[in-house]
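The data block below is final20.txt; it holds compact mmCIF, C-alpha atoms.
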# COMPACT_ATOMS: atom_id res chain seq x y z
CA MET L 505 -23.29 9.76 -39.57
CA ALA L 506 -19.63 9.78 -38.53
CA ILE L 507 -18.75 7.46 -35.65
CA ILE L 508 -17.70 10.38 -33.43
CA ASN L 509 -21.30 11.54 -33.07
CA THR L 510 -22.85 8.13 -32.43
CA PRO L 511 -23.82 7.18 -28.87
CA LEU L 512 -22.16 4.26 -27.10
CA ALA L 513 -23.98 2.19 -24.50
CA ALA L 514 -21.41 0.51 -22.27
CA GLY L 515 -23.59 -1.33 -19.78
CA LYS L 516 -23.26 0.84 -16.70
CA ILE L 517 -22.62 4.08 -18.57
CA THR L 518 -23.82 5.61 -21.84
CA PHE L 519 -21.81 8.08 -23.91
CA LYS L 520 -23.64 10.61 -26.08
CA ASN L 521 -20.66 10.75 -28.47
CA ARG L 522 -17.14 9.32 -28.70
CA LEU L 523 -15.13 12.36 -27.61
CA ILE L 524 -13.80 12.51 -24.06
CA TYR L 525 -11.60 14.85 -22.07
CA PRO L 526 -8.84 12.69 -20.56
CA PRO L 527 -7.17 13.25 -17.19
CA ILE L 528 -4.70 16.13 -17.60
CA THR L 529 -2.83 17.58 -14.63
CA ILE L 530 -3.51 21.31 -14.28
CA ALA L 531 -1.92 21.80 -10.81
CA LYS L 532 -4.45 24.36 -9.58
CA ALA L 533 -5.30 22.78 -6.22
CA SER L 534 -4.37 24.38 -2.90
CA ALA L 535 -1.31 23.31 -0.92
CA ASP L 536 -3.37 20.70 0.94
CA GLY L 537 -5.09 19.40 -2.20
CA GLU L 538 -8.39 21.29 -2.03
CA VAL L 539 -10.26 22.06 -5.24
CA THR L 540 -9.91 25.81 -5.80
CA ASP L 541 -11.93 28.41 -7.66
CA ASP L 542 -9.22 28.31 -10.33
CA SER L 543 -9.78 24.57 -10.71
CA LEU L 544 -13.52 25.06 -11.10
CA ALA L 545 -13.05 27.88 -13.60
CA TYR L 546 -10.69 25.78 -15.69
CA TYR L 547 -13.12 22.87 -16.00
CA GLU L 548 -16.06 25.20 -16.55
CA GLU L 549 -14.24 26.76 -19.51
CA LYS L 550 -13.20 23.43 -21.04
CA MET L 551 -16.64 21.83 -20.62
CA HIS L 552 -18.58 24.84 -21.93
CA GLY L 553 -21.08 23.74 -24.54
CA GLY L 554 -21.15 20.11 -23.42
CA SER L 555 -19.29 18.79 -26.46
CA PHE L 556 -17.46 16.08 -24.51
CA SER L 557 -19.45 12.99 -23.59
CA LEU L 558 -17.18 12.43 -20.60
CA ALA L 559 -14.46 14.22 -18.64
CA ILE L 560 -12.01 12.32 -16.47
CA VAL L 561 -10.70 14.58 -13.72
CA GLU L 562 -6.92 14.64 -13.32
CA HIS L 563 -5.34 12.12 -10.97
CA CYS L 564 -6.16 12.73 -7.31
CA TYR L 565 -3.85 11.35 -4.63
CA VAL L 566 -5.28 8.71 -2.32
CA THR L 567 -2.73 9.27 0.48
CA GLN L 568 -0.16 11.95 1.31
CA GLU L 569 2.55 9.35 0.63
CA GLY L 570 1.13 8.98 -2.88
CA LYS L 571 1.06 12.67 -3.80
CA ALA L 572 2.78 13.14 -7.15
CA SER L 573 3.27 16.90 -7.35
CA ASN L 574 2.42 20.27 -5.89
CA GLY L 575 -0.97 21.60 -6.93
CA GLN L 576 -2.43 18.08 -7.22
CA VAL L 577 -5.99 17.45 -6.04
CA SER L 578 -6.46 15.27 -2.96
CA ILE L 579 -9.10 12.60 -2.44
CA ALA L 580 -7.30 11.32 0.65
CA ASP L 581 -9.80 12.31 3.34
CA ASP L 582 -13.49 13.01 3.77
CA ALA L 583 -12.91 16.75 4.12
CA LYS L 584 -12.16 16.88 0.38
CA ILE L 585 -15.57 15.53 -0.67
CA GLN L 586 -17.25 18.95 -0.64
CA GLY L 587 -14.75 20.49 -3.05
CA LEU L 588 -14.79 17.45 -5.30
CA ALA L 589 -18.57 17.64 -5.37
CA LYS L 590 -18.36 21.22 -6.67
CA LEU L 591 -16.08 20.01 -9.46
CA ALA L 592 -18.42 17.15 -10.37
CA ARG L 593 -21.33 19.60 -10.53
CA VAL L 594 -19.43 21.95 -12.86
CA ILE L 595 -18.72 19.15 -15.32
CA LYS L 596 -22.15 17.54 -15.15
CA GLY L 597 -23.84 20.92 -15.35
CA ALA L 598 -22.44 21.24 -18.88
CA GLY L 599 -24.16 18.01 -19.91
CA THR L 600 -20.96 15.95 -19.65
CA LYS L 601 -20.49 12.87 -17.49
CA ALA L 602 -17.75 13.12 -14.86
CA VAL L 603 -15.28 10.47 -13.70
CA VAL L 604 -12.56 11.01 -11.10
CA GLN L 605 -9.14 9.38 -11.46
CA ILE L 606 -7.49 8.08 -8.26
CA ASN L 607 -3.78 7.47 -7.92
CA HIS L 608 -0.76 6.72 -5.75
CA ALA L 609 2.52 8.01 -7.14
CA GLY L 610 4.77 5.44 -5.50
CA SER L 611 8.34 6.31 -6.46
CA CYS L 612 7.25 8.80 -9.14
CA THR L 613 7.45 11.74 -6.74
CA THR L 614 9.92 13.25 -4.28
CA ALA L 615 10.22 13.47 -0.52
CA GLU L 616 10.02 17.26 -0.93
CA VAL L 617 6.48 16.87 -2.30
CA THR L 618 5.21 14.24 0.14
CA GLY L 619 7.30 14.92 3.22
CA MET L 620 7.61 11.15 3.49
CA THR L 621 9.89 8.29 2.49
CA LEU L 622 9.44 7.07 -1.07
CA LYS L 623 7.75 3.69 -1.36
CA GLY L 624 7.48 1.45 -4.41
CA ALA L 625 7.16 -2.09 -5.69
CA SER L 626 10.94 -2.64 -5.49
CA PRO L 627 14.02 -0.58 -4.55
CA VAL L 628 14.92 0.41 -8.10
CA GLN L 629 15.04 3.92 -9.54
CA ASN L 630 11.90 5.10 -11.26
CA PRO L 631 12.61 5.41 -15.01
CA ARG L 632 10.66 8.68 -15.29
CA GLN L 633 11.52 10.58 -12.13
CA GLY L 634 12.03 10.20 -8.43
CA GLY L 635 14.65 8.42 -6.42
CA VAL L 636 15.04 4.83 -5.30
CA PRO L 637 12.09 3.83 -3.09
CA GLU L 638 11.89 1.46 -0.19
CA GLU L 639 10.13 -1.78 -1.11
CA MET L 640 6.56 -1.84 0.15
CA THR L 641 5.77 -4.44 2.76
CA LYS L 642 2.65 -6.57 2.49
CA THR L 643 1.12 -4.53 5.31
CA GLU L 644 1.81 -1.34 3.36
CA ILE L 645 0.28 -2.88 0.24
CA ARG L 646 -2.87 -3.62 2.20
CA GLY L 647 -2.88 0.03 3.27
CA VAL L 648 -2.68 1.15 -0.36
CA VAL L 649 -5.59 -1.10 -1.30
CA GLU L 650 -7.64 0.40 1.53
CA ALA L 651 -6.68 3.93 0.43
CA PHE L 652 -7.94 3.26 -3.10
CA ARG L 653 -11.16 1.80 -1.69
CA ALA L 654 -11.80 4.82 0.50
CA ALA L 655 -10.95 7.23 -2.32
CA ALA L 656 -13.42 5.53 -4.68
CA GLU L 657 -16.11 5.75 -2.04
CA ARG L 658 -15.43 9.48 -1.67
CA GLY L 659 -15.62 9.94 -5.43
CA LYS L 660 -19.04 8.35 -5.52
CA LYS L 661 -20.23 10.43 -2.55
CA ALA L 662 -19.02 13.55 -4.37
CA GLY L 663 -21.37 12.76 -7.24
CA PHE L 664 -19.01 11.50 -9.91
CA ASP L 665 -20.47 9.12 -12.48
CA GLY L 666 -17.55 6.71 -12.18
CA VAL L 667 -14.01 6.27 -10.92
CA GLU L 668 -10.77 5.55 -12.81
CA ILE L 669 -7.91 3.61 -11.22
CA HIS L 670 -4.54 4.92 -12.44
CA SER L 671 -2.01 2.26 -13.48
CA ALA L 672 0.04 4.15 -16.06
CA HIS L 673 2.79 6.76 -16.45
CA SER L 674 5.17 5.01 -13.99
CA TYR L 675 2.98 5.56 -10.91
CA LEU L 676 2.64 2.94 -8.16
CA LEU L 677 0.28 0.39 -9.70
CA ASN L 678 2.21 0.70 -12.96
CA GLN L 679 5.40 0.07 -10.95
CA PHE L 680 3.94 -3.25 -9.81
CA TYR L 681 2.81 -4.10 -13.36
CA SER L 682 6.13 -3.35 -15.08
CA PRO L 683 9.00 -5.87 -14.91
CA LEU L 684 11.36 -2.89 -15.01
CA THR L 685 10.31 -1.73 -11.55
CA ASN L 686 8.94 -4.92 -9.99
CA LEU L 687 11.74 -7.25 -8.93
CA ARG L 688 9.87 -8.78 -6.01
CA ASN L 689 10.22 -12.43 -5.05
CA ASP L 690 6.87 -12.76 -3.29
CA GLU L 691 3.34 -13.22 -4.62
CA TYR L 692 3.34 -9.63 -5.94
CA GLY L 693 6.31 -10.17 -8.24
CA GLY L 694 7.56 -12.43 -11.03
CA LYS L 695 5.04 -13.57 -13.62
CA GLN L 696 2.46 -11.13 -14.96
CA GLU L 697 -0.41 -12.55 -12.92
CA ASN L 698 1.55 -11.81 -9.76
CA ARG L 699 2.49 -8.30 -10.89
CA LEU L 700 -1.23 -7.63 -11.39
CA LYS L 701 -2.20 -9.01 -7.97
CA ILE L 702 -2.37 -5.57 -6.33
CA HIS L 703 -4.59 -4.38 -9.20
CA LEU L 704 -7.02 -7.21 -8.60
CA GLU L 705 -7.09 -6.46 -4.90
CA VAL L 706 -7.73 -2.76 -5.57
CA ILE L 707 -10.49 -3.56 -8.08
CA GLU L 708 -12.18 -5.94 -5.65
CA ALA L 709 -12.02 -3.40 -2.82
CA VAL L 710 -13.27 -0.55 -5.00
CA ARG L 711 -16.13 -2.66 -6.34
CA LYS L 712 -17.26 -3.49 -2.81
CA ALA L 713 -17.15 0.21 -1.93
CA VAL L 714 -19.07 1.57 -4.93
CA GLY L 715 -21.46 -1.28 -5.70
CA LYS L 716 -22.03 -3.49 -8.72
CA ASP L 717 -23.70 -0.84 -10.91
CA TYR L 718 -21.07 1.91 -10.59
CA PRO L 719 -18.61 2.21 -13.52
CA ILE L 720 -14.96 1.46 -12.80
CA PHE L 721 -12.38 2.53 -15.37
CA LEU L 722 -8.70 1.63 -15.34
CA ARG L 723 -5.93 3.53 -17.11
CA LEU L 724 -3.37 0.96 -18.19
CA GLY L 725 0.23 1.82 -19.02
CA ALA L 726 0.08 -0.73 -21.79
CA CYS L 727 3.69 -0.65 -22.98
CA ASP L 728 6.90 0.72 -21.50
CA HIS L 729 8.67 1.24 -24.85
CA MET L 730 11.91 0.33 -23.07
CA PRO L 731 14.10 -2.79 -23.33
CA GLY L 732 12.84 -5.44 -20.91
CA GLY L 733 9.57 -3.63 -20.30
CA ASN L 734 5.97 -4.49 -21.04
CA THR L 735 4.96 -5.06 -24.66
CA ILE L 736 1.72 -5.03 -26.64
CA GLU L 737 1.43 -8.79 -26.11
CA ASP L 738 1.68 -8.22 -22.36
CA ALA L 739 -0.97 -5.49 -22.57
CA VAL L 740 -3.44 -7.80 -24.31
CA LYS L 741 -2.99 -10.46 -21.64
CA ALA L 742 -3.33 -7.89 -18.85
CA ALA L 743 -6.43 -6.38 -20.43
CA LYS L 744 -8.21 -9.74 -20.43
CA ILE L 745 -7.34 -10.27 -16.76
CA LEU L 746 -8.58 -6.79 -15.85
CA GLU L 747 -11.80 -7.27 -17.80
CA ASP L 748 -12.43 -10.56 -15.99
CA ALA L 749 -11.81 -8.75 -12.69
CA GLY L 750 -14.70 -6.40 -13.38
CA ILE L 751 -13.24 -3.32 -15.07
CA ASP L 752 -15.91 -1.65 -17.20
CA ILE L 753 -13.71 0.51 -19.45
CA LEU L 754 -9.98 0.41 -20.24
CA ASP L 755 -8.14 3.67 -20.87
CA ILE L 756 -4.90 2.95 -22.75
CA SER L 757 -1.81 5.09 -22.30
CA GLY L 758 1.94 4.72 -21.76
CA GLY L 759 3.77 2.90 -19.01
CA MET L 760 7.28 3.75 -17.88
CA CYS L 761 7.57 6.05 -20.90
CA GLY L 762 4.89 8.30 -19.42
CA TYR L 763 2.22 9.98 -21.52
CA VAL L 764 4.40 10.17 -24.64
CA ASN L 765 5.40 7.41 -27.03
CA PRO L 766 9.14 7.66 -27.80
CA GLU L 767 8.59 5.66 -30.98
CA SER L 768 5.80 7.76 -32.50
CA SER L 769 4.38 11.28 -32.55
CA ASP L 770 1.52 10.47 -34.93
CA PRO L 771 -2.03 11.43 -33.89
CA GLY L 772 -3.26 8.73 -31.53
CA TYR L 773 0.27 7.55 -30.81
CA PHE L 774 -0.98 4.88 -28.40
CA GLY L 775 -3.37 3.62 -31.09
CA GLU L 776 -1.39 0.47 -31.86
CA GLU L 777 -1.67 -0.66 -28.25
CA SER L 778 -5.32 0.31 -27.87
CA LYS L 779 -6.29 -1.37 -31.14
CA ALA L 780 -4.74 -4.65 -30.00
CA VAL L 781 -6.49 -4.40 -26.63
CA LYS L 782 -9.84 -3.49 -28.22
CA ALA L 783 -9.66 -6.59 -30.42
CA ALA L 784 -9.11 -8.79 -27.37
CA VAL L 785 -11.77 -7.54 -24.92
CA ASN L 786 -15.51 -6.97 -24.90
CA ILE L 787 -15.49 -3.72 -22.93
CA PRO L 788 -14.99 -0.22 -24.38
CA VAL L 789 -11.46 1.05 -24.89
CA ILE L 790 -10.26 4.66 -24.80
CA THR L 791 -7.35 5.69 -27.01
CA THR L 792 -5.34 8.90 -26.66
CA GLY L 793 -2.15 10.64 -27.67
CA GLY L 794 -1.35 13.69 -29.74
CA VAL L 795 -4.73 14.21 -31.41
CA LYS L 796 -4.81 17.67 -33.00
CA ALA L 797 -7.34 17.74 -35.85
CA PRO L 798 -11.02 16.74 -36.00
CA GLU L 799 -10.11 14.26 -38.72
CA ASP L 800 -7.71 12.53 -36.32
CA VAL L 801 -10.58 11.50 -34.03
CA GLU L 802 -12.70 9.99 -36.77
CA ALA L 803 -9.70 8.25 -38.36
CA LEU L 804 -8.84 6.52 -35.08
CA LEU L 805 -12.45 5.41 -34.61
CA GLN L 806 -12.69 4.15 -38.20
CA ALA L 807 -9.41 2.25 -37.78
CA GLY L 808 -10.70 0.46 -34.68
CA ALA L 809 -8.05 2.00 -32.43
CA GLY L 810 -10.65 2.59 -29.75
CA ASP L 811 -14.32 3.09 -28.97
CA LEU L 812 -13.66 6.52 -27.48
CA VAL L 813 -10.95 9.10 -28.17
CA GLY L 814 -9.41 11.34 -25.54
CA VAL L 815 -8.20 14.81 -26.52
CA GLY L 816 -6.57 16.80 -23.75
CA ARG L 817 -3.49 18.86 -24.57
CA THR L 818 -5.00 20.28 -27.74
CA VAL L 819 -8.02 21.42 -25.73
CA MET L 820 -5.76 22.92 -23.06
CA GLN L 821 -4.56 25.31 -25.75
CA ASP L 822 -7.94 25.81 -27.46
CA SER L 823 -11.08 25.56 -25.34
CA ALA L 824 -13.38 25.78 -28.38
CA TRP L 825 -11.78 22.81 -30.17
CA ALA L 826 -14.25 20.17 -28.98
CA GLY L 827 -17.28 22.20 -30.02
CA ARG L 828 -15.86 22.83 -33.47
CA THR L 829 -15.00 19.15 -33.88
CA ILE L 830 -18.44 17.87 -32.92
CA GLY L 831 -20.01 20.52 -35.14
CA PHE L 832 -17.70 19.66 -38.03
CA TYR L 833 -19.08 16.12 -38.20
CA ARG L 834 -22.65 17.08 -37.34
CA ASP L 835 -22.77 19.58 -40.20
What do you get writing this file as C-alpha cells?
Amino acid sequence: MAIINTPLAAGKITFKNRLIYPPITIAKASADGEVTDDSLAYYEEKMHGGSFSLAIVEHCYVTQEGKASNGQVSIADDAKIQGLAKLARVIKGAGTKAVVQINHAGSCTTAEVTGMTLKGASPVQNPRQGGVPEEMTKTEIRGVVEAFRAAAERGKKAGFDGVEIHSAHSYLLNQFYSPLTNLRNDEYGGKQENRLKIHLEVIEAVRKAVGKDYPIFLRLGACDHMPGGNTIEDAVKAAKILEDAGIDILDISGGMCGYVNPESSDPGYFGEESKAVKAAVNIPVITTGGVKAPEDVEALLQAGAGDLVGVGRTVMQDSAWAGRTIGFYRD
C-alpha cells in the first residue's frame, strides 16, 4: 500500500491517511469575523467525501489588533464560539478531523483593517506588507499570550480536535522568531532561545487551557529565504525547542517570504526544510507547497519530506482532487 493511504497514530491524534487540507484564507467571514453561510458552504464542498484525514481552518484572529485582513474569521471573543462550532461540525461530519489555527498579525496588517496602531516585535518594516509597528511592551506581550490562551480555549469549546498556533508568513510570532524583524535588547530578543520566548509562553498558556491530552500544532516559518534571516539550521534548532515545549505536530511553511519559496516552485517547495526538521524531531511533521499531482504527495512521503502532506491551493481550484488522489492510490 502507498504511504498516503496508511494511518498515522500521533499520540493524541490519529490520522486515517496522510493527506490534509492546510489553512488557506478564503475571506468569507462577516465584517466582525463571524463564520458565514458562505464559509460553511465552502468547507462543506471541499470536505465532501471525507478524503482528507484533517482540515486546518484558516487563521483566526485572537484580538482585533491582530486581525490580518478583511473577511478573516475571529476567535477573539466568546460570541464567536457558536459559529466556529458550526464550522467544526461541517468538517467532522464529513469524517475529517478539524483543527483551528489561531493567529495575531502583528505588523503584517494595516491600521485600516484593525482600526488600531500596528504593534510588532520591533519598529522595523514588515518584509511582506504593513508599515512600521510600535515595539510591543512586556505588558502587551503578556496580553498577546493571554489572547492566544483564550482563543485556544474557545477552539476546544467549539468542538475542534486540536489547535494550531501560527508562527509563519511574517505574522507576529514569526516576527519575534526572525532576526530580520526582532531587534529587541530584552529577554525577547537576541539569541534564538530569546526570540522563541514568546512561543514558549504561548504554548504553556495554551496547554494549561486545553489540557494535557488535547493536540497542539504549531506552524513554523522555518526559513526566511532572505539575507540575514532564519535558515534551515535555525529551523532544526527551533523545532527541537518547540517539541520539548510540548508541541504535538509541526507544520512547516515559509517565514518572512510568506507561503511561497522564492528559490523553488517545485512540488512541495518547503520540502527541504520539512525533511531536515523531520529528521531531527520525534513528532509528526507536515510539509506543504505547490503540490499539484497525486504523484507529488506520494513522492514527498517516500522522500521523507514529511509525515503528512498539505494540499490547499490545488483543491481550491478543484474540489474533487482529494477524492481522486486517495482513490488513485487505493485502486
For the contact check between range 740-761 of chain L and range 709-720 of chain L, emit one row per residue of range 740-761 of chain L within 7 Å, containing the shortest atom pair and the distance in Å rounded to one decimal, counting all atoms listed in the file, chain then rising number order, as CSV.
residue,atom,partner,partner_atom,distance
L:Ile751,CA,L:Ile720,CA,5.6
L:Asp752,CA,L:Ile720,CA,5.5
L:Ile753,CA,L:Ile720,CA,6.8
Notebook entry, point to check: So which residues fall inside 6 Å of (-0.8, 17.1, -28.0) if we count only C-alpha atoms? Mind giving them as a VMD selection string?
Noted result: chain L and resid 794 to 795 817 to 818
Next item on the list: Could you give me, as a list of chain:residue names, the residues within 12 Å of Glu691 in chain L, counting all atoms listed in the file and dropping anything in the same chain fewer than 5 positions from it?
Entry: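 The residues that qualify are L:Ala625, L:Thr641, L:Lys642, L:Ile645, L:Phe680, L:Asn686, L:Gln696, L:Glu697, L:Asn698, L:Arg699, L:Leu700, L:Lys701, L:Ile702.
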Dump of C-alpha atoms for the selected residues, as a PDB file, keeping the file's coordinate frame:
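File out-v2.pdb, as written:
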ATOM      1  CA  ALA L 625       7.160  -2.090  -5.690  1.00  0.00           C
ATOM      2  CA  THR L 641       5.770  -4.440   2.760  1.00  0.00           C
ATOM      3  CA  LYS L 642       2.650  -6.570   2.490  1.00  0.00           C
ATOM      4  CA  ILE L 645       0.280  -2.880   0.240  1.00  0.00           C
ATOM      5  CA  PHE L 680       3.940  -3.250  -9.810  1.00  0.00           C
ATOM      6  CA  ASN L 686       8.940  -4.920  -9.990  1.00  0.00           C
ATOM      7  CA  GLN L 696       2.460 -11.130 -14.960  1.00  0.00           C
ATOM      8  CA  GLU L 697      -0.410 -12.550 -12.920  1.00  0.00           C
ATOM      9  CA  ASN L 698       1.550 -11.810  -9.760  1.00  0.00           C
ATOM     10  CA  ARG L 699       2.490  -8.300 -10.890  1.00  0.00           C
ATOM     11  CA  LEU L 700      -1.230  -7.630 -11.390  1.00  0.00           C
ATOM     12  CA  LYS L 701      -2.200  -9.010  -7.970  1.00  0.00           C
ATOM     13  CA  ILE L 702      -2.370  -5.570  -6.330  1.00  0.00           C
TER      14      ILE L 702
END
What are the nearest atom pairs, with distances in Å to one decimal, for all residues of range 574-602 of chain L that come at most 10 Å from range 506-520 of chain L, using all atoms listed in the file, set out by chain and rising residue number as CSV?
residue,atom,partner,partner_atom,distance
L:Gly599,CA,L:Lys520,CA,9.6
L:Thr600,CA,L:Lys520,CA,8.8
L:Lys601,CA,L:Phe519,CA,8.1
Margin query: Show me, as JSON, numbers by chain, the residues that have an atom within 12 Å of Gln605 in chain L when counting only C-alpha atoms, minus same-chain residues fewer than 6 positions from it.
Written below: {"L": [526, 527, 528, 529, 559, 560, 561, 562, 563, 564, 565, 566, 576, 577, 578, 579, 588, 652, 655, 656, 658, 659, 660, 664, 665, 666, 667, 668, 669, 670, 671, 672, 720, 721, 722, 723, 755]}
Next item on the list: Measuring atom to atom with all atoms listed in the file, identify which of L:Leu544, L:Val813, L:Ala533, L:Leu754 is nearest to Ala589 in chain L.
Entry: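 Of the candidates, the smallest distance to Ala589 in chain L is held by L:Leu544.
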Check: Suppose you want the space between CA of Asp581 in chain L and CA of Gly610 in chain L; what is it in Å?
Finding: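 Atom-to-atom, CA of Asp581 in chain L to CA of Gly610 in chain L, that is 18.4 Å.
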Checklist line | Counting only C-alpha atoms, the option among L:His729, L:Lys550, L:Lys782, L:Lys590 closest to Glu538 in chain L | finding: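 Closest to Glu538 in chain L, using only C-alpha atoms: L:Lys590.
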Next item on the list: Take CA of Ser768 in chain L and CA of Asp728 in chain L and report the distance between them in Å, one decimal.
Entry: 13.1 Å
Note to self: So that I can check the surroundings of Ala615 in chain L, please list as a list in words every protein, DNA and RNA residue that reaches within 12 Å of it, counting only C-alpha atoms and ignoring chain neighbours fewer than 3 positions away.
What the structure shows: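 Result of the neighbour search: Gln568, Glu569, Gly570, Lys571, Ala572, Ser573, Asn574, Ala609, Gly610, Ser611, Cys612, Thr618, Gly619, Met620, Thr621, Leu622, Lys623, Gly634, Gly635, Val636 and Pro637 of chain L.
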Check: Do you have the CA of Gly575 in chain L-CA of Gly772 in chain L distance handy?
Finding: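 Computed distance, CA of Gly575 in chain L to CA of Gly772 in chain L, equals 27.9 Å.
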Next item on the list: Counting all atoms listed in the file, figure out which residue out of L:Ala797, L:Gln679, L:Thr685, L:Glu777 gets nearest to Val628 in chain L.
Entry: L:Thr685
Check: Nearest to Gly750 in chain L: which of L:Asn786, L:Thr735, L:Thr540, L:Thr791 is it, counting all atoms listed in the file?
Finding: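 Of all the options, L:Asn786 lies closest to Gly750 in chain L.
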Next item on the list: Show which residues sit within 10 Å of Tyr773 in chain L, as a PyMOL selection string. Count only C-alpha atoms, and ignore same-chain residues fewer than 6 positions away.
Entry: chain L and resi 757-758+763-767+791-795
Next item on the list: Compare L:Ala807, L:Ile756, L:Val819, L:Val740 by their minimum atom-to-atom distance to Ala780 in chain L, counting only C-alpha atoms, and give me the closest one.
Entry: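 Closest residue, counting only C-alpha atoms: L:Val740.
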Checklist line | Nearest candidate to Phe832 in chain L (options L:Gly814, L:Pro631, L:Pro798, L:Gly597; using only C-alpha atoms) | finding: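 Once distances to Phe832 in chain L are computed over only C-alpha atoms, the minimum belongs to L:Pro798.
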Have range 722-743 of chain L completed to N, CA and C atoms, please, and pass it along as an mmCIF file, in the coordinates of the input.
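The result, written out as rebuild-v7.cif:
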data_model
loop_
_atom_site.group_PDB
_atom_site.id
_atom_site.type_symbol
_atom_site.label_atom_id
_atom_site.label_comp_id
_atom_site.auth_asym_id
_atom_site.auth_seq_id
_atom_site.Cartn_x
_atom_site.Cartn_y
_atom_site.Cartn_z
ATOM 1 N N LEU L 722 -10.099 1.784 -15.725
ATOM 2 C CA LEU L 722 -8.700 1.630 -15.340
ATOM 3 C C LEU L 722 -7.822 2.138 -16.468
ATOM 4 N N ARG L 723 -6.905 3.036 -16.129
ATOM 5 C CA ARG L 723 -5.930 3.530 -17.110
ATOM 6 C C ARG L 723 -4.702 2.641 -17.038
ATOM 7 N N LEU L 724 -4.449 1.941 -18.142
ATOM 8 C CA LEU L 724 -3.370 0.960 -18.190
ATOM 9 C C LEU L 724 -2.178 1.516 -18.967
ATOM 10 N N GLY L 725 -1.020 1.510 -18.319
ATOM 11 C CA GLY L 725 0.230 1.820 -19.020
ATOM 12 C C GLY L 725 0.609 0.595 -19.826
ATOM 13 N N ALA L 726 0.057 0.519 -21.025
ATOM 14 C CA ALA L 726 0.080 -0.730 -21.790
ATOM 15 C C ALA L 726 1.489 -1.202 -22.111
ATOM 16 N N CYS L 727 2.316 -0.295 -22.594
ATOM 17 C CA CYS L 727 3.690 -0.650 -22.980
ATOM 18 C C CYS L 727 4.663 0.339 -22.369
ATOM 19 N N ASP L 728 5.865 -0.154 -22.069
ATOM 20 C CA ASP L 728 6.900 0.720 -21.500
ATOM 21 C C ASP L 728 7.759 1.373 -22.570
ATOM 22 N N HIS L 729 7.812 0.753 -23.768
ATOM 23 C CA HIS L 729 8.670 1.240 -24.850
ATOM 24 C C HIS L 729 10.111 1.393 -24.361
ATOM 25 N N MET L 730 10.541 0.399 -23.566
ATOM 26 C CA MET L 730 11.910 0.330 -23.070
ATOM 27 C C MET L 730 12.349 -1.127 -23.089
ATOM 28 N N PRO L 731 13.623 -1.400 -23.334
ATOM 29 C CA PRO L 731 14.100 -2.790 -23.330
ATOM 30 C C PRO L 731 13.788 -3.488 -22.011
ATOM 31 N N GLY L 732 13.186 -4.673 -22.100
ATOM 32 C CA GLY L 732 12.840 -5.440 -20.910
ATOM 33 C C GLY L 732 11.521 -5.063 -20.283
ATOM 34 N N GLY L 733 10.840 -4.069 -20.863
ATOM 35 C CA GLY L 733 9.570 -3.630 -20.300
ATOM 36 C C GLY L 733 8.382 -4.333 -20.911
ATOM 37 N N ASN L 734 7.195 -3.897 -20.519
ATOM 38 C CA ASN L 734 5.970 -4.490 -21.040
ATOM 39 C C ASN L 734 5.791 -4.184 -22.523
ATOM 40 N N THR L 735 5.177 -5.150 -23.228
ATOM 41 C CA THR L 735 4.960 -5.060 -24.660
ATOM 42 C C THR L 735 3.455 -5.080 -24.968
ATOM 43 N N ILE L 736 3.122 -4.947 -26.241
ATOM 44 C CA ILE L 736 1.720 -5.030 -26.640
ATOM 45 C C ILE L 736 1.134 -6.390 -26.276
ATOM 46 N N GLU L 737 1.906 -7.440 -26.458
ATOM 47 C CA GLU L 737 1.430 -8.790 -26.110
ATOM 48 C C GLU L 737 1.102 -8.873 -24.622
ATOM 49 N N ASP L 738 1.939 -8.242 -23.801
ATOM 50 C CA ASP L 738 1.680 -8.220 -22.360
ATOM 51 C C ASP L 738 0.399 -7.437 -22.067
ATOM 52 N N ALA L 739 0.212 -6.330 -22.785
ATOM 53 C CA ALA L 739 -0.970 -5.490 -22.570
ATOM 54 C C ALA L 739 -2.255 -6.241 -22.874
ATOM 55 N N VAL L 740 -2.243 -7.017 -23.938
ATOM 56 C CA VAL L 740 -3.440 -7.800 -24.310
ATOM 57 C C VAL L 740 -3.773 -8.800 -23.215
ATOM 58 N N LYS L 741 -2.762 -9.492 -22.719
ATOM 59 C CA LYS L 741 -2.990 -10.460 -21.640
ATOM 60 C C LYS L 741 -3.509 -9.770 -20.381
ATOM 61 N N ALA L 742 -2.897 -8.634 -20.046
ATOM 62 C CA ALA L 742 -3.330 -7.890 -18.850
ATOM 63 C C ALA L 742 -4.752 -7.395 -19.006
ATOM 64 N N ALA L 743 -5.093 -6.911 -20.193
ATOM 65 C CA ALA L 743 -6.430 -6.380 -20.430
ATOM 66 C C ALA L 743 -7.498 -7.442 -20.192
#
